[in-house]
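Reviewing the structure listed below.
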Amino acid sequence: MRITAFLDIPGQDNLTPLARLEKYAFSENIFNRQIIARGLLDVFRDFSNNEEDFLTVMEIVVRLSEDAEPTVRTELMEQIPPIAIFLQESRPNFPTAFSDYLMPIVVRYLTDPNNQVRKASQEALLILLEQELLAQNDIENKVCPILLDLSAPDSDDEYKVEAVNIICKMASMLSKTIVERMLLPRFCELCGDGKLFQVRKVCAASFGDICNAVGQESTERFLIPKFFELCSDSVWGMRKACAECFMAVSYTTSPEVRRSKLSPLFINLISDPCRWVRQAAFQSLGPFISTFANPSSAGLYIREDGTLSIRPSAQDVTSSSCQAGNNANITSASTNIVSSSLEQPIEIKSESSTEGTSAEANPLIRVESPRTDLLKGSSNSCGGPGEALTRLSQNDNTTACVIEGIKDCHVSNCQGVNSRFQSAEDIFNTFLYWRPPLPDISQDLELLQSKTEKHEEGCSVSKAMCNNCVASSEIKKVLESLQEHMDDPDVQAQVQVLSAALRAAQLESINDYETKRTEESNGKLQNELSTFEASHATVEKNTLSSSSFQDDVSDQSTTIILKSTESEEQHNGTIEFLKKEQHNNPPIEVDKSKLQDIIPQPLLDQYLSMTDPARAQTVDTEIAKHCAYSLPGVALTLGRQNWHCLKDTYETLAADVQWKVRRTLAFSIHELAVILGDQLTAADLVPIFNGFLKDLDEVRIGVLKHLYDFLKLLHADKRREYLYQLQEFVVTDNSRNWRFRYELAEQLILILELYSPNDVYDYLRHIALTLCSDKVSEVRWISFKLVVAILQKFYANNANALGLNFINELVARFRHCSKWIGRQAFAFICQAVVEEECMPVDHFVEHLLPSLLSLASDPVPNVRVLLAKALRQTLLEKGSLPSPLLTGISYVNGSILIVL
């Protein structure tokens, strides 16, 4: 019924409907005015045919909007969006009615003294923007100006908070030009509002939406500096809001900004003194890491429909192509070092052509390896600005590297080295190749004399190293700020986290440097290095033992020493320097299998630490669940070539005592299988998948829902091993969990295509027959479709003998069942067979139709009724029936005719 139907009822007042409307709209009774306001849409529909009456109604609405009662104004404002939709449909007759009459009401109510009216107006405005019912002219000239006035510094606090909230919500609904020109300056101003923390909190919570609205250029130019301020705000709620929207902000920025600026900033949040901030940061860590994903490095991309796809094999990327993801430009002229089968150390000392071999003027790069390294081409090296570079080798005998950098930041101060070697025929000698090195090094000193024309090439510095230097410096600043609060145990825990992040950042730099050198070497100059290695062993020993080198190490703050073999661990200078560089924290052993060059190493280390039980005590009890939830995204970002970084973490999560963690992994294991490929899936995921199959029902349902997606990724021989295990899904911990069996039937319909007809008959047939006899009707209905799919599988693959055996079993098990539910199921199966046309008609007439029609004399009425319904829907309503089917039906006796 229409709310305002009383306007059409003739009364004793003898007024027209329009006059009666005006009478009740301005009645002294508040209830009458509320009824009119609530039924305005019906009023507009009644009076929209006549333009003069329509304008009169509009004037009444404008006068009604000035009602002193807040409930009337609220009812009126709630009707504005549906009225706007109605007017848009009638726009040819009233093109500017909404803009001239109703839009001013919406804008005026934004400043209404009643809070309920303002809330209704704000909701109506957002609905109008979302439905695109406002003209651009109204947005620019009416909406934005009032919001800017309300959010001005001298505005009322309550109005300002509401205006900021509207600005942030409407930013995603407006065009980019309007947001940049009218709203962005005010938003940046509000981010630094020092009067109300509520304003800054709203800005922080909506920061990602604003970044997405204005685009990358404006984000990096105007918003990123404000984001840094919010992330260091004194109110922990601000920092928590920034951590929650970090992924959205990172998604809008360029890879360079994401790596060099946002990564160190996120490390600060993840080590924040406030537990709630750390909790939000760890929850956002996985999503933030996923923003580093690059299809060219991972070999995978997301299609428009949201499914994961693999790029062609020609575009599969090796570890060298991952440099596009971390934006590290390592020049091809750098020294190429590849391990060989020998066990002699190599030392390279860079010299300046103008200052000779002075240790004070030239950085020293010493590379030790348990096996002989191969050098190819010219070798150029330089010290970056304050570089603190650390590197651990993947081998058991760790590579030890000492890099002494100069303090000047300019690349022009880098020192170049150009090494040239004679041919292998000239310098190779089996005696010198195997015996201990000789002390004479004069020949090699001449070979190491650098050329001045190679000066600029020697100054190429990896951008990744510079970025990690920035990260290291940021972490050091945070450590210094926390020194004053070392009495707090919580702060002490954060200092340990930051120290680990600092060491990880240093490890990443050296990892990038040596990885590049390793990849570019082809192992063609192995013989040429034998004499060079032998002669330089003495240089290394003398250099390390000299007091001048020890003094130089103590003077340079950027010198990094890594312990290599057990014999090198006894150097006191190395141990003392590590203690000084790491703020007296004990050194940690880092497994090189966890190193990569796709994302900043500190982020990955923090993500891998989410499985640490200590995190659950100091951060969040469900931190392992968040780690499991975001693991496929992290794996996609790293690519299958870096799966070794996540393998141990995944196994730890799969064995977690919390079933919620295992359930999360079970729901995503099929996606992870696509990311890793068939080989890694068979080696690492199949054992975990097998464990999930025997887990709780809460975990098994995750595997079951995507059983087909996982099995289709396995090889045929591996896939057949699960045929017998599929029967275990029929048994559940709770028999009332019928949805589990329903999901099994749905998955079996899909799985049929993965197996041969013989396998289907031997294994899956029994499951289908069991499900057809289930106590729950929903399970039985989906199981009937499974039976039809099995018959279709047999006849489509010319396995008519198997199909006939299956039909005979259906007749024996259901047609002649002692319970009427079984005979009713047989009628349903026959109905589904005819509807899907899964078998030839003559086979149906010969083997199924006689048994089906015999149900016409069934003593249970439900069976006969269902038979009649099946015949009507599947046989008679087909229009033209095949002649064999008509012939079969004509054989029926009189009882079936009565049913029909």
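By convention in this document, the chains of the structure tokens carry letters A, B, ... by their order, each chain's residues are numbered from 1, and ligands are numbered from 1 in the order they are shown.
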
Helix (DSSP H, G or I) per DSSP on the backbone: members of range 680-812 of chain A, as a ChimeraX atom specification: /A:680-693,697-705,707-711,716-720,725-730,738-754,757-772,777-796,800-812

Top pick for closest residue to Trp276 in chain A, considering A:Ser172, A:Thr252, A:Thr618, A:Ser481 and counting only C-alpha atoms: A:Thr618

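Closest to Phe227 in chain A among A:Leu190, A:Ile30, A:Pro255, A:Gly803 is A:Leu190, based on only C-alpha atoms.
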
Atom-to-atom span, CA of Lys261 in chain A and CA of His626 in chain A, Å: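 Going from CA of Lys261 in chain A over to CA of His626 in chain A, I get 24.4 Å.
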
Contacts of range 150-167 of chain A within 7 Å, only C-alpha atoms, excl. fewer than 3 positions in-chain, as a PyMOL selection string: chain A and resi 146-147+170-171+198-199+202

Those residues with C-alpha atoms, as a short mmCIF file (atom, residue, chain, number, x, y, z; two decimals), in the first residue's frame please?
data_model
loop_
_atom_site.label_atom_id
_atom_site.label_comp_id
_atom_site.auth_asym_id
_atom_site.auth_seq_id
_atom_site.Cartn_x
_atom_site.Cartn_y
_atom_site.Cartn_z
CA ILE A 146 30.88 23.01 1.61
CA LEU A 147 33.17 20.11 2.54
CA MET A 170 33.97 10.16 -1.76
CA ALA A 171 37.51 10.34 -3.14
CA GLN A 198 40.65 11.94 15.26
CA VAL A 199 41.18 13.86 12.02
CA VAL A 202 40.57 9.18 9.64
#
